[in-house]
file structure-v9.cif (mmCIF, C-alpha atoms)
data_run
loop_
_atom_site.label_atom_id
_atom_site.label_comp_id
_atom_site.auth_asym_id
_atom_site.auth_seq_id
_atom_site.Cartn_x
_atom_site.Cartn_y
_atom_site.Cartn_z
CA MET A 1 149.34 0.20 96.84
CA GLY A 2 150.22 -1.94 99.82
CA LYS A 3 153.28 -1.50 101.91
CA SER A 4 156.51 -3.15 100.85
CA PHE A 5 158.14 -5.93 102.88
CA SER A 6 160.70 -3.53 104.36
CA GLU A 7 158.01 -1.02 105.37
CA THR A 8 155.94 -3.78 107.01
CA TYR A 9 158.61 -5.83 108.77
CA LEU A 10 161.80 -3.75 108.85
CA ASN A 11 160.56 -0.40 110.12
CA PHE A 12 162.78 -0.37 113.20
CA GLU A 13 161.89 3.23 114.03
CA LYS A 14 158.56 1.92 115.32
CA ILE A 15 160.21 -0.18 118.01
CA ASP A 16 160.39 1.02 121.59
CA TRP A 17 163.71 -0.61 122.49
CA ALA A 18 163.23 0.03 126.21
CA ASN A 19 160.02 -2.02 126.09
CA MET A 20 161.77 -4.71 124.04
CA GLN A 21 164.57 -4.93 126.62
CA GLN A 22 162.10 -5.16 129.51
CA ALA A 23 160.09 -7.82 127.67
CA THR A 24 163.27 -9.85 127.12
CA LEU A 25 164.15 -9.57 130.83
CA ASP A 26 160.60 -10.64 131.76
CA THR A 27 160.87 -13.70 129.52
CA LEU A 28 164.24 -14.64 131.02
CA PHE A 29 162.87 -14.05 134.54
CA MET A 30 159.87 -16.32 133.95
CA THR A 31 162.02 -19.00 132.35
CA PHE A 32 164.79 -19.00 134.96
CA PHE A 33 162.69 -19.00 138.14
CA SER A 34 160.16 -21.45 136.73
CA MET A 35 162.92 -23.84 135.68
CA VAL A 36 164.55 -23.75 139.13
CA LEU A 37 161.26 -24.97 140.62
CA VAL A 38 160.62 -27.37 137.74
CA ILE A 39 164.02 -29.04 138.19
CA VAL A 40 163.54 -29.47 141.96
CA ILE A 41 159.94 -30.72 141.71
CA GLY A 42 160.66 -32.79 138.61
CA LEU A 43 163.59 -34.58 140.25
CA ILE A 44 161.55 -35.37 143.37
CA LEU A 45 158.51 -36.49 141.38
CA GLY A 46 160.63 -38.44 138.88
CA LEU A 47 162.46 -40.21 141.70
CA ALA A 48 159.12 -41.07 143.31
CA LEU A 49 157.83 -42.53 140.03
CA TYR A 50 161.04 -44.50 139.54
CA SER A 51 161.09 -45.82 143.12
CA LEU A 52 157.42 -46.76 143.18
CA GLY A 53 157.63 -48.35 139.74
CA ARG A 54 160.40 -50.72 140.87
CA LYS A 55 158.37 -52.10 143.76
CA GLN A 56 155.78 -54.81 143.19
CA THR A 57 153.57 -54.35 146.27
CA PHE A 58 149.93 -53.33 145.87
CA GLY A 59 150.48 -50.10 147.80
CA SER A 60 153.42 -49.11 145.61
CA ARG A 61 151.51 -49.86 142.41
CA PHE A 62 148.52 -47.87 143.64
CA ALA A 63 150.72 -44.92 144.64
CA TYR A 64 152.54 -45.07 141.28
CA THR A 65 149.25 -45.04 139.40
CA LEU A 66 147.93 -42.14 141.47
CA VAL A 67 151.08 -40.03 141.02
CA SER A 68 151.17 -40.93 137.34
CA ILE A 69 147.55 -39.87 136.79
CA ILE A 70 148.03 -36.53 138.56
CA SER A 71 151.21 -35.95 136.58
CA ASN A 72 149.50 -36.76 133.29
CA VAL A 73 146.58 -34.44 134.05
CA PHE A 74 148.80 -31.38 134.46
CA ARG A 75 151.14 -32.47 131.65
CA SER A 76 148.31 -32.99 129.16
CA THR A 77 146.20 -29.93 129.93
CA PRO A 78 146.82 -27.22 127.29
CA PHE A 79 148.93 -24.51 128.89
CA MET A 80 146.63 -21.56 128.23
CA ILE A 81 143.64 -23.47 129.63
CA LEU A 82 145.66 -24.45 132.70
CA MET A 83 146.71 -20.84 133.23
CA VAL A 84 143.08 -19.70 133.16
CA LEU A 85 141.90 -22.53 135.41
CA ILE A 86 144.35 -21.70 138.20
CA ILE A 87 143.76 -17.92 138.19
CA PRO A 88 142.20 -18.06 141.71
CA PHE A 89 145.22 -20.01 143.00
CA THR A 90 147.65 -17.67 141.22
CA THR A 91 145.91 -14.59 142.63
CA LEU A 92 146.03 -16.06 146.12
CA LEU A 93 149.71 -16.94 145.75
CA VAL A 94 151.16 -13.81 144.13
CA GLY A 95 148.36 -11.27 144.57
CA SER A 96 147.54 -10.92 140.86
CA PHE A 97 146.92 -12.96 137.74
CA LEU A 98 148.78 -10.47 135.54
CA GLY A 99 152.51 -9.97 135.08
CA ALA A 100 155.59 -12.18 134.88
CA LYS A 101 155.33 -13.45 138.47
CA ALA A 102 151.73 -14.54 137.93
CA ALA A 103 152.76 -16.83 135.09
CA ILE A 104 155.19 -18.85 137.20
CA PRO A 105 152.66 -21.15 138.97
CA ALA A 106 151.11 -22.24 135.68
CA LEU A 107 154.53 -22.64 134.06
CA VAL A 108 155.71 -24.86 136.91
CA LEU A 109 152.53 -26.97 137.05
CA SER A 110 152.69 -27.52 133.31
CA ALA A 111 156.41 -28.28 132.94
CA ALA A 112 157.29 -30.11 136.18
CA PRO A 113 155.30 -33.29 135.35
CA PHE A 114 156.86 -33.30 131.87
CA TYR A 115 160.37 -33.11 133.30
CA ALA A 116 159.47 -35.69 135.95
CA ARG A 117 158.71 -38.18 133.18
CA LEU A 118 162.05 -37.45 131.56
CA VAL A 119 163.74 -38.00 134.93
CA GLU A 120 161.95 -41.32 135.38
CA ILE A 121 163.00 -42.44 131.89
CA ALA A 122 166.61 -41.38 132.55
CA PHE A 123 166.70 -43.38 135.80
CA ARG A 124 165.18 -46.44 134.13
CA GLU A 125 167.89 -46.40 131.46
CA VAL A 126 170.63 -47.04 134.04
CA SER A 127 172.01 -50.54 133.49
CA PRO A 128 170.26 -53.06 135.76
CA GLY A 129 173.53 -55.00 135.97
CA VAL A 130 175.28 -52.08 137.67
CA ILE A 131 172.45 -51.76 140.19
CA GLU A 132 172.42 -55.50 140.87
CA ALA A 133 176.18 -55.47 141.43
CA ALA A 134 175.82 -52.62 143.94
CA GLU A 135 173.05 -54.49 145.76
CA ALA A 136 175.20 -57.61 145.90
CA MET A 137 177.96 -55.54 147.53
CA GLY A 138 175.55 -54.45 150.26
CA ALA A 139 174.77 -50.92 149.09
CA SER A 140 171.58 -49.46 150.54
CA TYR A 141 168.76 -48.18 148.34
CA TRP A 142 169.69 -44.52 148.85
CA GLU A 143 173.37 -45.24 148.24
CA ILE A 144 172.39 -46.78 144.92
CA ILE A 145 170.30 -43.70 144.07
CA TYR A 146 172.94 -41.10 144.98
CA LYS A 147 176.09 -42.96 143.96
CA ILE A 148 174.91 -44.85 140.87
CA VAL A 149 171.50 -43.93 139.45
CA ILE A 150 171.82 -40.14 139.56
CA PRO A 151 175.50 -39.93 138.42
CA GLU A 152 174.83 -42.36 135.56
CA SER A 153 171.77 -40.33 134.52
CA VAL A 154 173.40 -36.88 134.50
CA PRO A 155 173.70 -36.56 130.67
CA ALA A 156 170.06 -37.57 130.21
CA LEU A 157 168.96 -35.26 133.04
CA ILE A 158 170.77 -32.31 131.44
CA SER A 159 169.27 -33.15 128.05
CA GLY A 160 165.85 -33.24 129.69
CA ILE A 161 166.45 -29.84 131.30
CA THR A 162 167.38 -28.43 127.90
CA VAL A 163 164.25 -29.77 126.23
CA THR A 164 162.03 -28.58 129.09
CA THR A 165 163.61 -25.11 129.16
CA ILE A 166 163.04 -24.63 125.45
CA SER A 167 159.43 -25.73 125.87
CA MET A 168 159.18 -23.30 128.79
CA ILE A 169 160.12 -20.39 126.53
CA GLY A 170 157.24 -21.38 124.27
CA TYR A 171 154.94 -21.44 127.29
CA THR A 172 156.06 -17.94 128.32
CA ALA A 173 155.17 -16.69 124.83
CA MET A 174 151.67 -18.15 125.17
CA ALA A 175 151.35 -16.75 128.69
CA GLY A 176 152.14 -13.31 127.30
CA ALA A 177 148.99 -13.42 125.20
CA ILE A 178 146.87 -13.36 128.37
CA GLY A 179 148.74 -10.75 130.34
CA ALA A 180 151.93 -12.34 131.64
CA GLY A 181 154.25 -9.90 129.90
CA GLY A 182 157.46 -10.85 128.17
CA LEU A 183 158.28 -11.14 124.49
CA GLY A 184 155.12 -13.09 123.74
CA SER A 185 152.96 -10.30 125.12
CA LEU A 186 154.92 -7.66 123.21
CA ALA A 187 154.72 -9.61 119.96
CA TRP A 188 150.96 -10.08 120.35
CA GLN A 189 149.78 -6.77 121.79
CA GLU A 190 152.25 -4.26 120.34
CA GLY A 191 152.98 -6.22 117.19
CA PHE A 192 150.01 -8.16 115.87
CA GLN A 193 147.07 -6.29 117.42
CA ARG A 194 148.45 -2.86 116.48
CA GLY A 195 149.78 -3.91 113.11
CA ASN A 196 153.40 -3.22 114.06
CA TYR A 197 154.85 -6.39 112.55
CA THR A 198 158.42 -5.22 113.04
CA VAL A 199 157.92 -5.68 116.78
CA THR A 200 156.60 -9.20 116.21
CA LEU A 201 159.54 -10.04 113.97
CA VAL A 202 162.18 -8.69 116.38
CA ALA A 203 160.55 -10.40 119.38
CA THR A 204 160.50 -13.68 117.47
CA VAL A 205 164.17 -13.33 116.51
CA ILE A 206 165.13 -12.67 120.15
CA ILE A 207 163.20 -15.75 121.26
CA LEU A 208 164.99 -17.84 118.62
CA ILE A 209 168.38 -16.50 119.72
CA ILE A 210 167.61 -17.44 123.34
CA VAL A 211 166.54 -20.92 122.24
CA PHE A 212 169.67 -21.45 120.13
CA ILE A 213 171.93 -20.34 122.99
CA LEU A 214 170.20 -22.63 125.49
CA GLN A 215 170.31 -25.56 123.07
CA ALA A 216 174.04 -25.03 122.47
CA ILE A 217 174.75 -24.87 126.22
CA GLY A 218 172.63 -27.96 126.84
CA ASP A 219 174.32 -29.95 124.06
CA PHE A 220 177.77 -28.96 125.35
CA LEU A 221 177.00 -29.98 128.94
CA THR A 222 175.39 -33.24 127.83
CA LYS A 223 178.47 -34.22 125.81
CA ALA A 224 180.84 -33.06 128.55
CA THR A 225 179.15 -35.26 131.19
CA ASP A 226 178.65 -38.31 128.97
CA LYS A 227 181.50 -40.70 129.79
CA ARG A 228 180.34 -43.46 127.45
#

call {"tool": "encode", "arguments": {"input": "structure-v9.cif", "output": "structure tokens"}}
result
Amino acid sequence: MGKSFSETYLNFEKIDWANMQQATLDTLFMTFFSMVLVIVIGLILGLALYSLGRKQTFGSRFAYTLVSIISNVFRSTPFMILMVLIIPFTTLLVGSFLGAKAAIPALVLSAAPFYARLVEIAFREVSPGVIEAAEAMGASYWEIIYKIVIPESVPALISGITVTTISMIGYTAMAGAIGAGGLGSLAWQEGFQRGNYTVTLVATVIILIIVFILQAIGDFLTKATDKR
């Protein structure tokens, strides 16, 4: 007879809790440091797309199209394929293509263009009337960006960070399947490949808990900063 559900999925004696803790820390490490870079690069790239998109000169349109194409290439490439493609770059940058640190370049390249698009959309949603009023009062372009566009976009920017961070956790799980470590690696190698489905179940539950916590924090901050 086959094993019962409890024997297959609830055999907690088979779990190495030290490994589970380290895998959780690796996932949080990859997510946190990748998101710091994603937020910085995404804001810069999103601002560039927004600024270039507002101008009507040929040079601005060409630059917008070029930046947009590059952004779409990295954003549209499946994450696992991107991670494999940049192995030489990753090895040159961090000295290895295995481990949590090695996953960060691919995570950033994949998520930063996605967040940049969310930033651009958030900036575009700022009321044109408010911007026109600031221009009529003599405000410079950068004053409009720092004093109007960014403050008005804060709720949308935070919402975008929340969405991107949750997607990032999914990316870290996929990265684990090809040697990046973390909960994804543990669930695949120790759980699925060795038939220890309790490990896979517990790793999945921990990932879900992290996602729920991040979503709750993101929703709270979005509502707290939304003055409408």

call {"tool": "closest_residue", "arguments": {"input": "structure-v9.cif", "among": "A:Val84, A:Ile161, A:Leu183, A:Ile217", "to": "Leu201 of chain A", "atoms": "only C-alpha atoms"}}
result
A:Leu183

call {"tool": "resolve_selection", "arguments": {"input": "structure-v9.cif", "expression": "the PyMOL selection byres ((chain A and resi 106) around 9)", "output": "list in words"}}
result
Phe79, Met80, Leu82, Met83, Val84, Ile86, Ile87, Thr90, Ala102, Ala103, Ile104, Pro105, Leu107, Val108, Leu109, Ser110, Ala111 and Ala175 of chain A

call {"tool": "closest_residue", "arguments": {"input": "structure-v9.cif", "among": "A:Met168, A:Leu52, A:Glu125, A:Phe33", "to": "Ile148 of chain A", "atoms": "all atoms listed in the file"}}
result
A:Glu125

call {"tool": "closest_residue", "arguments": {"input": "structure-v9.cif", "among": "A:Gly138, A:Pro113, A:Gly42, A:Gly53", "to": "Ile70 of chain A", "atoms": "only C-alpha atoms"}}
result
A:Pro113

call {"tool": "atom_distance", "arguments": {"input": "structure-v9.cif", "atom1": "atom CA of Ile121 of chain A", "atom2": "atom CA of Thr165 of chain A"}}
result
17.6 Å

call {"tool": "atom_distance", "arguments": {"input": "structure-v9.cif", "atom1": "atom CA of Val130 of chain A", "atom2": "atom CA of Val38 of chain A"}}
result
28.7 Å

call {"tool": "resolve_selection", "arguments": {"input": "structure-v9.cif", "expression": "the PyMOL selection byres ((chain A and resi 203) around 8)", "output": "ChimeraX atom specification"}}
result
/A:20,183-184,186-187,199-202,204-207

call {"tool": "resolve_selection", "arguments": {"input": "structure-v9.cif", "expression": "the PyMOL selection byres ((chain A and resi 126) around 12)", "output": "PyMOL selection string"}}
result
chain A and resi 50+119-125+127-132+144-145+148-157

call {"tool": "atom_distance", "arguments": {"input": "structure-v9.cif", "atom1": "atom CA of Phe62 of chain A", "atom2": "atom CA of Leu45 of chain A"}}
result
15.3 Å

call {"tool": "axis_aligned_box", "arguments": {"input": "structure-v9.cif", "around": "segment 80-94 of chain A", "padding_each_side": "3 Å", "output": "lines of an AutoDock Vina configuration file"}}
result
center_x = 146.5
center_y = -19.1
center_z = 137.2
size_x = 15.3
size_y = 16.6
size_z = 23.9
